[in-house]
$ cat target_8.cif   # mmCIF, C-alpha atoms and all ligand atoms
data_target
loop_
_atom_site.label_atom_id
_atom_site.label_comp_id
_atom_site.auth_asym_id
_atom_site.auth_seq_id
_atom_site.Cartn_x
_atom_site.Cartn_y
_atom_site.Cartn_z
CA MET U 1 -12.47 9.83 -15.33
CA ASN U 2 -12.20 8.70 -11.74
CA ALA U 3 -12.68 10.77 -8.62
CA HIS U 4 -9.02 11.67 -8.49
CA SER U 5 -9.31 13.22 -12.00
CA PRO U 6 -5.90 12.09 -13.21
CA ALA U 7 -4.12 14.56 -15.40
CA MET U 8 -3.67 12.47 -18.53
CA ILE U 9 -0.04 13.32 -19.09
CA SER U 10 1.64 12.91 -22.47
CA ASP U 11 3.87 9.93 -23.24
CA ALA U 12 6.87 12.26 -23.24
CA ASP U 13 6.01 13.60 -19.77
CA GLU U 14 5.50 10.09 -18.46
CA ARG U 15 8.88 9.04 -19.85
CA ALA U 16 10.50 12.06 -18.19
CA ILE U 17 8.96 11.18 -14.82
CA LEU U 18 9.92 7.51 -15.09
CA ASP U 19 13.45 8.51 -16.16
CA SER U 20 13.87 10.70 -13.08
CA ILE U 21 12.62 7.83 -10.90
CA ASP U 22 15.06 5.43 -12.58
CA LYS U 23 17.92 7.86 -12.04
CA TRP U 24 17.01 8.27 -8.38
CA ILE U 25 16.80 4.51 -7.90
CA GLU U 26 20.19 3.96 -9.50
CA GLN U 27 22.00 6.82 -7.80
CA LYS U 28 20.37 6.96 -4.38
CA VAL U 29 18.38 3.81 -3.59
CA ARG U 30 20.56 1.01 -4.97
CA PRO U 31 23.70 1.94 -3.01
CA VAL U 32 21.90 1.91 0.37
CA ALA U 33 18.96 -0.50 0.08
CA MET U 34 20.77 -3.59 1.41
CA GLU U 35 22.23 -1.80 4.43
CA LEU U 36 18.96 -0.09 5.37
CA GLU U 37 17.02 -3.32 4.88
CA HIS U 38 19.24 -5.47 7.03
CA GLY U 39 19.55 -2.78 9.70
CA ASP U 40 15.78 -2.20 9.58
CA ILE U 41 16.61 1.51 9.35
CA TRP U 42 14.00 4.10 8.42
CA PRO U 43 15.33 5.74 5.22
CA ALA U 44 15.27 9.44 6.24
CA ASP U 45 17.29 10.73 3.24
CA LEU U 46 15.24 8.74 0.75
CA VAL U 47 12.02 10.05 2.31
CA ASN U 48 13.28 13.59 1.69
CA ASP U 49 14.06 12.62 -1.91
CA MET U 50 10.56 11.17 -2.30
CA ALA U 51 9.10 14.47 -1.14
CA GLU U 52 11.23 16.31 -3.71
CA LEU U 53 10.16 13.92 -6.45
CA GLY U 54 6.55 14.71 -5.57
CA LEU U 55 5.70 11.13 -4.63
CA PHE U 56 3.67 12.16 -1.57
CA GLY U 57 1.27 13.88 -3.93
CA ALA U 58 1.65 11.55 -6.93
CA ILE U 59 -2.09 10.93 -7.42
CA VAL U 60 -3.37 14.10 -5.74
CA ASP U 61 -4.96 16.72 -7.95
CA PRO U 62 -2.64 19.51 -9.16
CA GLU U 63 -5.01 22.10 -7.69
CA TYR U 64 -3.83 20.96 -4.26
CA GLY U 65 -0.18 20.80 -5.35
CA GLY U 66 -0.11 17.12 -6.35
CA LEU U 67 1.25 15.60 -9.57
CA GLY U 68 -2.21 14.32 -10.54
CA LEU U 69 -0.75 11.20 -12.17
CA SER U 70 -2.98 8.57 -13.73
CA ALA U 71 -3.13 5.17 -12.03
CA THR U 72 -1.31 3.80 -15.07
CA THR U 73 1.72 6.04 -14.62
CA TYR U 74 1.58 5.68 -10.86
CA SER U 75 1.60 1.88 -10.99
CA ARG U 76 4.61 1.97 -13.33
CA ILE U 77 6.48 4.09 -10.78
CA VAL U 78 5.55 1.66 -8.02
CA MET U 79 6.73 -1.36 -10.03
CA ARG U 80 10.11 0.26 -10.67
CA ILE U 81 10.72 1.23 -7.04
CA ALA U 82 9.49 -2.14 -5.73
CA GLU U 83 11.98 -3.85 -8.05
CA GLU U 84 14.74 -2.15 -6.10
CA TRP U 85 13.30 -2.02 -2.56
CA MET U 86 9.62 -2.71 -1.98
CA SER U 87 9.57 -1.12 1.49
CA LEU U 88 9.92 2.35 0.01
CA THR U 89 6.65 2.04 -1.88
CA GLY U 90 4.76 1.58 1.42
CA ILE U 91 6.02 4.90 2.74
CA PHE U 92 4.29 6.90 0.01
CA ASN U 93 1.51 4.50 -0.92
CA SER U 94 -0.07 4.15 2.53
CA HIS U 95 0.20 7.93 2.77
CA LEU U 96 -1.55 8.29 -0.59
CA MET U 97 -4.40 6.05 0.59
CA MET U 98 -5.01 8.56 3.38
CA ALA U 99 -4.82 11.42 0.86
CA THR U 100 -7.16 9.58 -1.52
CA VAL U 101 -9.84 9.24 1.16
CA VAL U 102 -9.70 12.99 1.80
CA GLN U 103 -9.60 13.83 -1.90
CA LYS U 104 -12.43 11.50 -2.83
CA PHE U 105 -14.75 11.89 0.14
CA GLY U 106 -13.62 14.98 2.09
CA THR U 107 -15.45 18.30 2.22
CA GLN U 108 -13.99 21.20 0.24
CA LYS U 109 -12.68 22.70 3.49
CA GLN U 110 -10.97 19.41 4.41
CA ARG U 111 -9.41 19.03 0.97
CA GLU U 112 -8.04 22.56 1.14
CA TYR U 113 -6.74 22.06 4.67
CA TRP U 114 -5.17 18.62 4.43
CA LEU U 115 -4.13 17.94 0.85
CA PRO U 116 -1.54 20.75 0.45
CA ARG U 117 0.08 19.51 3.68
CA PHE U 118 0.00 15.90 2.47
CA VAL U 119 1.51 16.50 -0.97
CA THR U 120 4.68 18.10 0.37
CA GLY U 121 5.18 15.34 2.93
CA GLU U 122 5.00 17.99 5.68
CA MET U 123 2.24 15.81 7.15
CA ARG U 124 2.78 12.14 6.34
CA GLY U 125 0.67 9.19 7.37
CA GLY U 126 -1.32 6.15 6.44
CA LEU U 127 -4.54 4.28 6.80
CA GLY U 128 -5.71 3.05 10.20
CA LEU U 129 -8.22 0.25 9.79
CA THR U 130 -6.87 -2.86 11.50
CA GLU U 131 -7.28 -3.55 15.24
CA PRO U 132 -5.96 -6.35 17.44
CA ASP U 133 -9.29 -8.20 17.07
CA ALA U 134 -10.44 -7.00 13.65
CA GLY U 135 -8.67 -7.16 10.29
CA THR U 136 -10.74 -8.70 7.52
CA ASP U 137 -13.92 -8.20 9.53
CA LEU U 138 -13.67 -4.42 9.72
CA GLN U 139 -17.19 -4.08 11.05
CA ALA U 140 -15.91 -5.67 14.28
CA ILE U 141 -13.63 -2.72 15.12
CA ARG U 142 -13.99 -1.27 18.62
CA THR U 143 -12.35 2.15 18.33
CA VAL U 144 -15.06 4.65 19.18
CA ALA U 145 -15.38 8.37 18.39
CA ARG U 146 -18.04 10.17 20.43
CA ARG U 147 -19.27 13.62 19.54
CA ASP U 148 -18.66 16.22 22.26
CA GLY U 149 -19.70 19.71 21.16
CA SER U 150 -17.64 20.62 18.10
CA ASP U 151 -15.14 17.80 18.75
CA TYR U 152 -14.88 14.04 18.46
CA VAL U 153 -13.30 12.17 21.36
CA VAL U 154 -11.55 8.97 20.28
CA THR U 155 -10.73 5.87 22.34
CA GLY U 156 -9.36 2.58 21.09
CA THR U 157 -6.32 0.79 19.61
CA LYS U 158 -5.21 0.22 16.05
CA THR U 159 -2.43 -2.13 15.07
CA TRP U 160 -0.24 -2.95 12.07
CA ILE U 161 -0.49 0.62 10.80
CA SER U 162 2.18 1.46 8.24
CA ASN U 163 3.94 4.80 8.89
CA ALA U 164 2.36 4.97 12.38
CA ILE U 165 5.59 5.81 14.15
CA MET U 166 7.59 7.90 11.68
CA GLY U 167 4.48 9.52 10.20
CA HIS U 168 2.30 12.18 11.76
CA CYS U 169 -1.30 11.38 10.98
CA CYS U 170 -3.71 8.71 9.94
CA ALA U 171 -7.10 8.23 8.27
CA LEU U 172 -8.81 6.33 11.06
CA LEU U 173 -11.78 3.99 10.80
CA VAL U 174 -13.96 4.37 13.91
CA LYS U 175 -17.39 3.56 15.26
CA THR U 176 -19.45 6.72 15.71
CA ASP U 177 -22.49 4.60 16.57
CA PRO U 178 -21.33 1.31 18.12
CA ASP U 179 -24.91 0.04 18.45
CA ALA U 180 -25.90 0.60 14.81
CA SER U 181 -27.50 -2.24 12.92
CA PRO U 182 -26.28 -3.19 10.40
CA ARG U 183 -22.88 -2.51 11.96
CA TYR U 184 -21.37 -0.69 8.96
CA LYS U 185 -23.88 2.13 9.30
CA GLY U 186 -22.26 3.17 12.57
CA MET U 187 -18.78 3.60 11.05
CA SER U 188 -16.99 6.80 10.08
CA MET U 189 -13.52 7.87 8.98
CA LEU U 190 -11.55 10.58 10.78
CA ILE U 191 -8.24 12.28 10.07
CA THR U 192 -6.26 12.06 13.32
CA SER U 193 -2.85 13.53 13.97
CA LYS U 194 -0.11 13.24 16.58
CA ILE U 195 0.81 16.89 16.08
CA ASP U 196 -1.10 20.09 15.49
CA PRO U 197 -0.81 20.51 11.69
CA GLU U 198 -0.17 24.24 12.05
CA THR U 199 2.00 24.62 15.16
CA LYS U 200 3.47 21.08 15.08
CA VAL U 201 2.93 20.88 18.84
CA PRO U 202 2.30 17.26 19.99
CA LEU U 203 -1.33 16.51 20.77
CA LEU U 204 -2.66 14.65 23.79
CA GLY U 205 -4.51 11.34 23.89
CA ILE U 206 -2.71 9.74 20.91
CA SER U 207 0.42 7.61 21.11
CA ASN U 208 2.15 4.80 19.28
CA GLY U 209 2.95 1.92 21.58
CA LYS U 210 5.60 -0.39 20.23
CA LYS U 211 7.14 -0.78 16.78
CA LEU U 212 6.17 -4.19 15.41
CA GLU U 213 8.85 -6.69 14.39
CA LYS U 214 8.29 -8.33 11.00
CA LEU U 215 9.53 -11.07 8.68
CA GLY U 216 10.17 -8.56 5.89
CA TYR U 217 9.02 -5.08 4.84
CA LYS U 218 11.96 -3.70 6.81
CA GLY U 219 12.86 -0.03 7.04
CA ILE U 220 9.24 1.11 7.02
CA ASP U 221 7.65 1.25 10.46
CA SER U 222 4.55 -0.74 11.33
CA GLY U 223 3.02 0.22 14.62
CA GLU U 224 0.10 0.70 16.93
CA PHE U 225 -2.00 3.79 17.50
CA ILE U 226 -3.42 4.10 20.98
CA PHE U 227 -6.22 6.63 21.44
CA ASP U 228 -7.22 7.58 24.95
CA GLY U 229 -9.53 10.58 24.99
CA TYR U 230 -7.91 12.08 21.86
CA ARG U 231 -9.86 15.13 20.61
CA CYS U 232 -10.20 16.46 17.09
CA ASN U 233 -12.33 19.18 15.59
CA ALA U 234 -15.26 17.61 13.71
CA ASP U 235 -15.19 20.12 10.83
CA LEU U 236 -11.65 19.12 9.96
CA CYS U 237 -11.50 15.51 11.09
CA LEU U 238 -14.80 13.82 10.14
CA ILE U 239 -14.12 12.99 6.51
CA GLY U 240 -17.04 14.09 4.37
CA GLY U 241 -18.70 15.84 7.31
CA GLU U 242 -21.28 13.09 7.69
CA GLU U 243 -21.26 10.06 10.01
CA GLY U 244 -21.92 6.52 8.78
CA ARG U 245 -19.86 6.48 5.57
CA GLY U 246 -16.57 5.13 6.93
CA PHE U 247 -17.06 1.52 5.89
CA LEU U 248 -17.76 2.54 2.31
CA MET U 249 -14.62 4.71 2.33
CA ALA U 250 -12.49 1.88 3.73
CA THR U 251 -13.75 -0.90 1.50
CA GLY U 252 -15.16 0.60 -1.66
CA GLY U 253 -13.12 3.73 -2.07
CA LEU U 254 -9.63 2.38 -2.23
CA GLU U 255 -9.30 0.10 -5.22
CA ILE U 256 -6.17 2.06 -6.11
CA GLY U 257 -4.57 0.51 -3.01
CA ARG U 258 -5.07 -2.95 -4.46
CA VAL U 259 -3.65 -1.85 -7.80
CA ASN U 260 -0.67 -0.57 -5.88
CA ILE U 261 -0.11 -3.86 -4.04
CA ALA U 262 -0.36 -5.65 -7.37
CA ALA U 263 2.24 -3.28 -8.84
CA ARG U 264 4.56 -3.88 -5.89
CA SER U 265 4.14 -7.63 -6.43
CA VAL U 266 5.12 -7.28 -10.08
CA GLY U 267 8.21 -5.33 -9.01
CA ILE U 268 9.21 -8.17 -6.68
CA ALA U 269 8.58 -10.84 -9.35
CA LYS U 270 10.45 -8.91 -12.05
CA ARG U 271 13.51 -8.51 -9.86
CA ALA U 272 13.50 -12.17 -8.88
CA LEU U 273 13.23 -13.13 -12.55
CA LYS U 274 15.98 -10.75 -13.69
CA GLU U 275 18.38 -11.96 -11.01
CA SER U 276 17.59 -15.57 -11.89
CA VAL U 277 18.20 -15.09 -15.61
CA ILE U 278 21.64 -13.61 -14.87
CA TYR U 279 22.56 -16.18 -12.24
CA ALA U 280 21.44 -19.13 -14.37
CA GLN U 281 23.90 -18.07 -17.08
CA THR U 282 26.85 -17.64 -14.75
CA ARG U 283 26.46 -20.56 -12.34
CA LYS U 284 27.80 -23.78 -13.83
CA THR U 285 27.14 -27.38 -12.86
CA MET U 286 28.05 -30.55 -14.75
CA GLY U 287 30.22 -28.46 -17.07
CA LYS U 288 27.54 -26.03 -18.29
CA PRO U 289 25.54 -23.03 -17.11
CA ILE U 290 22.49 -24.13 -15.15
CA ALA U 291 20.38 -22.14 -17.70
CA GLU U 292 21.08 -25.05 -20.05
CA HIS U 293 19.54 -27.61 -17.73
CA GLN U 294 15.94 -28.27 -18.63
CA ALA U 295 14.85 -28.26 -14.97
CA ILE U 296 15.98 -24.62 -14.69
CA GLN U 297 14.52 -23.69 -18.08
CA LEU U 298 11.11 -24.92 -16.97
CA LYS U 299 11.32 -22.69 -13.92
CA LEU U 300 12.42 -19.63 -15.93
CA GLY U 301 9.67 -20.22 -18.47
CA ASP U 302 6.99 -20.35 -15.78
CA MET U 303 8.40 -17.36 -13.94
CA ALA U 304 8.59 -15.21 -17.08
CA ALA U 305 5.09 -16.03 -18.31
CA LYS U 306 3.46 -15.44 -14.92
CA THR U 307 5.36 -12.22 -14.26
CA ARG U 308 4.30 -10.81 -17.62
CA ALA U 309 0.69 -11.90 -17.07
CA ALA U 310 0.71 -10.18 -13.68
CA GLU U 311 2.08 -7.00 -15.24
CA LEU U 312 -0.66 -7.02 -17.87
CA LEU U 313 -3.33 -7.49 -15.19
CA VAL U 314 -1.95 -4.48 -13.31
CA GLU U 315 -2.03 -2.39 -16.48
CA ASP U 316 -5.57 -3.57 -17.17
CA ALA U 317 -6.74 -2.60 -13.67
CA ALA U 318 -4.93 0.76 -13.78
CA ARG U 319 -6.47 1.58 -17.17
CA ALA U 320 -9.93 0.63 -15.88
CA PHE U 321 -9.39 2.85 -12.85
CA ASP U 322 -8.37 5.77 -15.07
CA ALA U 323 -11.47 5.24 -17.22
CA GLY U 324 -13.66 5.75 -14.12
CA GLY U 325 -16.25 3.70 -12.25
CA ARG U 326 -15.84 0.84 -9.76
CA ILE U 327 -13.07 -1.63 -10.55
CA ASP U 328 -13.36 -4.15 -7.70
CA MET U 329 -13.03 -7.09 -10.06
CA GLU U 330 -10.09 -5.77 -12.07
CA ALA U 331 -8.22 -4.61 -8.96
CA GLY U 332 -9.01 -7.89 -7.17
CA MET U 333 -7.75 -9.99 -10.08
CA ALA U 334 -4.55 -7.97 -10.39
CA LYS U 335 -3.89 -8.03 -6.64
CA TYR U 336 -4.63 -11.74 -6.26
CA PHE U 337 -2.72 -13.00 -9.29
CA ALA U 338 0.26 -10.65 -8.99
CA SER U 339 0.83 -11.35 -5.29
CA GLU U 340 0.60 -15.12 -5.70
CA THR U 341 2.99 -14.76 -8.64
CA ALA U 342 5.43 -12.74 -6.51
CA VAL U 343 5.49 -15.51 -3.89
CA GLU U 344 5.93 -18.22 -6.52
CA VAL U 345 8.60 -16.43 -8.54
CA ALA U 346 10.59 -15.40 -5.45
CA THR U 347 10.48 -19.01 -4.22
CA GLU U 348 11.62 -20.36 -7.57
CA ALA U 349 14.40 -17.77 -7.68
CA MET U 350 15.61 -19.08 -4.33
CA ARG U 351 15.69 -22.61 -5.76
CA ILE U 352 17.65 -21.41 -8.80
CA PHE U 353 20.16 -19.64 -6.57
CA GLY U 354 20.59 -22.76 -4.42
CA GLY U 355 22.43 -21.99 -1.17
CA TYR U 356 23.18 -18.42 -2.28
CA GLY U 357 19.46 -17.73 -2.42
CA TYR U 358 19.42 -18.22 1.33
CA SER U 359 22.28 -15.79 1.87
CA LYS U 360 21.76 -12.24 3.10
CA GLU U 361 24.42 -11.14 0.61
CA TYR U 362 21.94 -11.58 -2.23
CA VAL U 363 18.65 -9.87 -2.82
CA ILE U 364 16.69 -13.10 -3.30
CA GLU U 365 16.15 -13.78 0.42
CA ARG U 366 14.63 -10.29 0.79
CA LEU U 367 12.25 -10.81 -2.14
CA TYR U 368 11.29 -14.14 -0.58
CA ARG U 369 10.52 -12.43 2.75
CA ASP U 370 8.70 -9.46 1.19
CA ALA U 371 6.45 -11.32 -1.22
CA PRO U 372 3.99 -12.98 1.26
CA LEU U 373 2.85 -9.61 2.63
CA MET U 374 1.43 -8.86 -0.80
CA CYS U 375 -1.05 -11.73 -0.27
CA ILE U 376 -2.23 -10.22 3.05
CA GLY U 377 -2.28 -6.42 2.71
CA GLU U 378 -5.20 -4.42 1.21
CA GLY U 379 -7.55 -7.37 1.69
CA THR U 380 -6.28 -10.93 1.88
CA ASN U 381 -6.24 -13.06 -1.26
CA GLU U 382 -9.00 -15.23 0.17
CA MET U 383 -11.19 -12.11 0.21
CA GLN U 384 -10.05 -11.03 -3.26
CA ARG U 385 -11.31 -14.25 -4.80
CA ILE U 386 -14.63 -13.81 -3.06
CA ILE U 387 -14.86 -10.23 -4.35
CA ILE U 388 -14.03 -11.37 -7.89
CA ALA U 389 -16.71 -14.06 -7.75
CA LYS U 390 -19.36 -11.67 -6.43
CA GLN U 391 -18.55 -9.15 -9.13
CA LEU U 392 -18.61 -11.84 -11.81
CA VAL U 393 -22.12 -12.82 -10.78
CA ALA U 394 -23.27 -9.21 -10.39
CA ARG U 395 -22.01 -8.31 -13.86
CA ASN U 396 -23.49 -11.40 -15.47
CA LYS U 397 -26.93 -11.64 -13.91
CA ILE U 398 -29.30 -14.01 -15.64
C1 LIG I 1 3.31 -5.52 7.44
C2 LIG I 1 1.87 -5.19 7.53
C3 LIG I 1 1.44 -3.90 7.25
C4 LIG I 1 0.09 -3.58 7.40
N1 LIG I 1 -0.32 -2.29 7.17
C5 LIG I 1 -1.58 -1.92 7.49
C6 LIG I 1 -1.99 -0.56 7.44
O1 LIG I 1 -1.22 0.32 7.05
N2 LIG I 1 -3.26 -0.25 7.83
C7 LIG I 1 -4.13 -1.20 8.26
O2 LIG I 1 -5.26 -0.85 8.61
N3 LIG I 1 -3.78 -2.52 8.30
C8 LIG I 1 -2.53 -2.89 7.94
N4 LIG I 1 -2.15 -4.21 8.01
C9 LIG I 1 -3.13 -5.20 8.46
C10 LIG I 1 -3.68 -6.04 7.34
O3 LIG I 1 -4.49 -5.25 6.52
C11 LIG I 1 -4.42 -7.22 7.97
O4 LIG I 1 -3.45 -8.07 8.52
C12 LIG I 1 -5.28 -7.96 6.96
O5 LIG I 1 -6.37 -7.18 6.59
C13 LIG I 1 -5.81 -9.30 7.52
O6 LIG I 1 -6.41 -9.12 8.75
P1 LIG I 1 -6.00 -10.05 9.99
O7 LIG I 1 -4.51 -10.04 10.07
O8 LIG I 1 -6.75 -9.57 11.18
O9 LIG I 1 -6.45 -11.48 9.58
P2 LIG I 1 -7.91 -12.11 9.83
O10 LIG I 1 -8.95 -11.16 9.39
O11 LIG I 1 -7.97 -12.61 11.22
O12 LIG I 1 -7.88 -13.34 8.84
C14 LIG I 1 -7.20 -14.57 9.13
C15 LIG I 1 -7.41 -15.52 7.96
O13 LIG I 1 -8.80 -15.80 7.78
C16 LIG I 1 -9.21 -15.48 6.44
N5 LIG I 1 -10.56 -14.94 6.47
C17 LIG I 1 -11.05 -14.00 7.31
N6 LIG I 1 -12.35 -13.77 7.07
C18 LIG I 1 -12.71 -14.57 6.04
C19 LIG I 1 -13.92 -14.80 5.31
N7 LIG I 1 -15.01 -14.13 5.58
N8 LIG I 1 -13.90 -15.70 4.30
C20 LIG I 1 -12.77 -16.36 3.99
N9 LIG I 1 -11.59 -16.20 4.64
C21 LIG I 1 -11.56 -15.32 5.64
C22 LIG I 1 -8.20 -14.43 5.98
O14 LIG I 1 -8.13 -14.38 4.56
C23 LIG I 1 -6.93 -14.96 6.61
O15 LIG I 1 -6.43 -16.01 5.83
C24 LIG I 1 -0.83 -4.56 7.80
C25 LIG I 1 -0.40 -5.87 8.04
C26 LIG I 1 0.93 -6.19 7.92
C27 LIG I 1 1.37 -7.59 8.22
#
$ encode --input "target_8.cif" --output "structure tokens"
Amino acid sequence: MNAHSPAMISDADERAILDSIDKWIEQKVRPVAMELEHGDIWPADLVNDMAELGLFGAIVDPEYGGLGLSATTYSRIVMRIAEEWMSLTGIFNSHLMMATVVQKFGTQKQREYWLPRFVTGEMRGGLGLTEPDAGTDLQAIRTVARRDGSDYVVTGTKTWISNAIMGHCCALLVKTDPDASPRYKGMSMLITSKIDPETKVPLLGISNGKKLEKLGYKGIDSGEFIFDGYRCNADLCLIGGEEGRGFLMATGGLEIGRVNIAARSVGIAKRALKESVIYAQTRKTMGKPIAEHQAIQLKLGDMAAKTRAAELLVEDAARAFDAGGRIDMEAGMAKYFASETAVEVATEAMRIFGGYGYSKEYVIERLYRDAPLMCIGEGTNEMQRIIIAKQLVARNKI
């Protein structure tokens, strides 16, 4: 079993959970998704529902109040929600990446302090790695945390952080020894918060800057974090209680994030395919439904085969994660293939829909705008292929 010790729930329990998610999607998400998307409105009511459904603790151990779901069940939930509105999955997934770092690497005291607050959604957040001058090359970050007595004092800027503005806290990658060589040895991960977790009083030295405007992924906020002399207590904020392990936490500890992006991608592709299959049977040209034209059949055939292959790769990676051990290769393959498939299938859906695919009245233009992010987030696809290749060689040494 993996570090998050998933409670291997029965098939009947999994069905019950997925049924309640389906019901929520149908009754609460579907009626409002288009309006919230096009207004770029943060979905306050749906966030409350997500808290009630337990999604903010979906993969957190039950001993801290979480659902303790396996990656397999979790990725099925993500696929279903992403089929309806992908943005929602970012609100709880980025949060769960923060929770996963604490659960996997935190001290007992930190797990007991933070996780019960995370699972209820009382303290929500995300993962703060990227900076204006450092994304893929995380070792180039410049945010510094200096020890001062029992505190760390943080200075620097993060950007593109999901949930930065509407959330409260963030697992932050920092340099605790900016002169370390190799560079990764000087990196640590801190839990930082805009409010005192107990009193909810705003804290000094941490602010958000502007909300970032995006092509897609609307509704969820992406923003900056600006630290200027922000102080946090080392016992609670330095994850794992030991400096120098932040790079490992950011890169090696979060394969579940890549499985999640892959699952979101499958959700996007499945929706694009479903809409296309319906549309192709109703839209007529030259006296027959376009589904009877071979040019459209070739598209549908490709879309269906690739979407199913992507789904199987996600299941494969999730199963490997649940079995324990490192799954860089499986997660990388799923993330790479599924996200490229999402882009391809959404693009083909737009072709099948013709002019209507370009209309904001249909969901296709949203899928088309949302899909490319899947190729960028949680490690770009260029990097995924490099990771896959390195793992291939490492696992097949001659
Ligand atoms: C909507 C959105 C939400 C995001 N949410 C978060 C978040 O919650 N937390 C967070 O920390 N970050 C987040 N990000 C940032 C995201 O993780 C980065 O954009 C991503 O890691 C790429 O970094 P970059 O943009 O700096 O690109 P760069 O690192 O500058 O890369 C530019 C290009 O060069 C390629 N490249 C770079 N290095 C190599 C190499 N060694 N070999 C081959 N190719 C290479 C890349 O693949 C890419 O094609 C988000 C981004 C977006 C757009």
$ residues_near_ligand --input "target_8.cif" --ligand "ligand LIG 1 (chain I)" --cutoff "9 Å" --atoms "all atoms listed in the file" --output "ChimeraX atom specification"
/U:90,94-95,126-138,158-164,172-173,212-218,220-223,373,375-384,386
$ residues_around --input "target_8.cif" --residues "range 224-237 of chain U" --least-positions-apart "6" --cutoff "6 Å" --atoms "all atoms listed in the file" --output "list in words"
Gln110, Ser150, Asp151, Tyr152, Val153, Val154, Thr155, Gly156, Thr157, Lys158, Thr159, Leu190, Ile191, Gly205, Ile206, Ser207, Asn208 and Gly209 of chain U
$ closest_residue --input "target_8.cif" --among "U:Ile268, U:Ile388, U:Leu313, U:Ala250" --to "Thr89 in chain U" --atoms "only C-alpha atoms"
U:Ile268
$ closest_residue --input "target_8.cif" --among "U:Met189, U:Ile17, U:Ala140, U:Ala263" --to "Ala82 in chain U" --atoms "all atoms listed in the file"
U:Ala263
$ residues_around --input "target_8.cif" --residues "Glu198 in chain U" --least-positions-apart "4" --cutoff "12 Å" --atoms "only C-alpha atoms" --output "PDB file with C-alpha atoms, in the coordinates of the input"
ATOM      1  CA  TYR U 113      -6.740  22.060   4.670  1.00  0.00           C
ATOM      2  CA  TRP U 114      -5.170  18.620   4.430  1.00  0.00           C
ATOM      3  CA  ARG U 117       0.080  19.510   3.680  1.00  0.00           C
ATOM      4  CA  GLU U 122       5.000  17.990   5.680  1.00  0.00           C
ATOM      5  CA  MET U 123       2.240  15.810   7.150  1.00  0.00           C
ATOM      6  CA  SER U 193      -2.850  13.530  13.970  1.00  0.00           C
ATOM      7  CA  LYS U 194      -0.110  13.240  16.580  1.00  0.00           C
ATOM      8  CA  PRO U 202       2.300  17.260  19.990  1.00  0.00           C
ATOM      9  CA  LEU U 203      -1.330  16.510  20.770  1.00  0.00           C
TER      10      LEU U 203
END
$ closest_residue --input "target_8.cif" --among "U:Ala317, U:Leu18, U:Val174, U:Ile81" --to "Arg30 in chain U" --atoms "all atoms listed in the file"
U:Ile81
$ residues_near_point --input "target_8.cif" --point "(15.0, -12.3, -1.5)" --cutoff "10 Å" --atoms "all atoms listed in the file" --output "list in words"
Gly216, Ile268, Arg271, Ala272, Ala346, Thr347, Ala349, Met350, Gly357, Tyr358, Ser359, Lys360, Glu361, Tyr362, Val363, Ile364, Glu365, Arg366, Leu367, Tyr368, Arg369, Asp370 and Ala371 of chain U
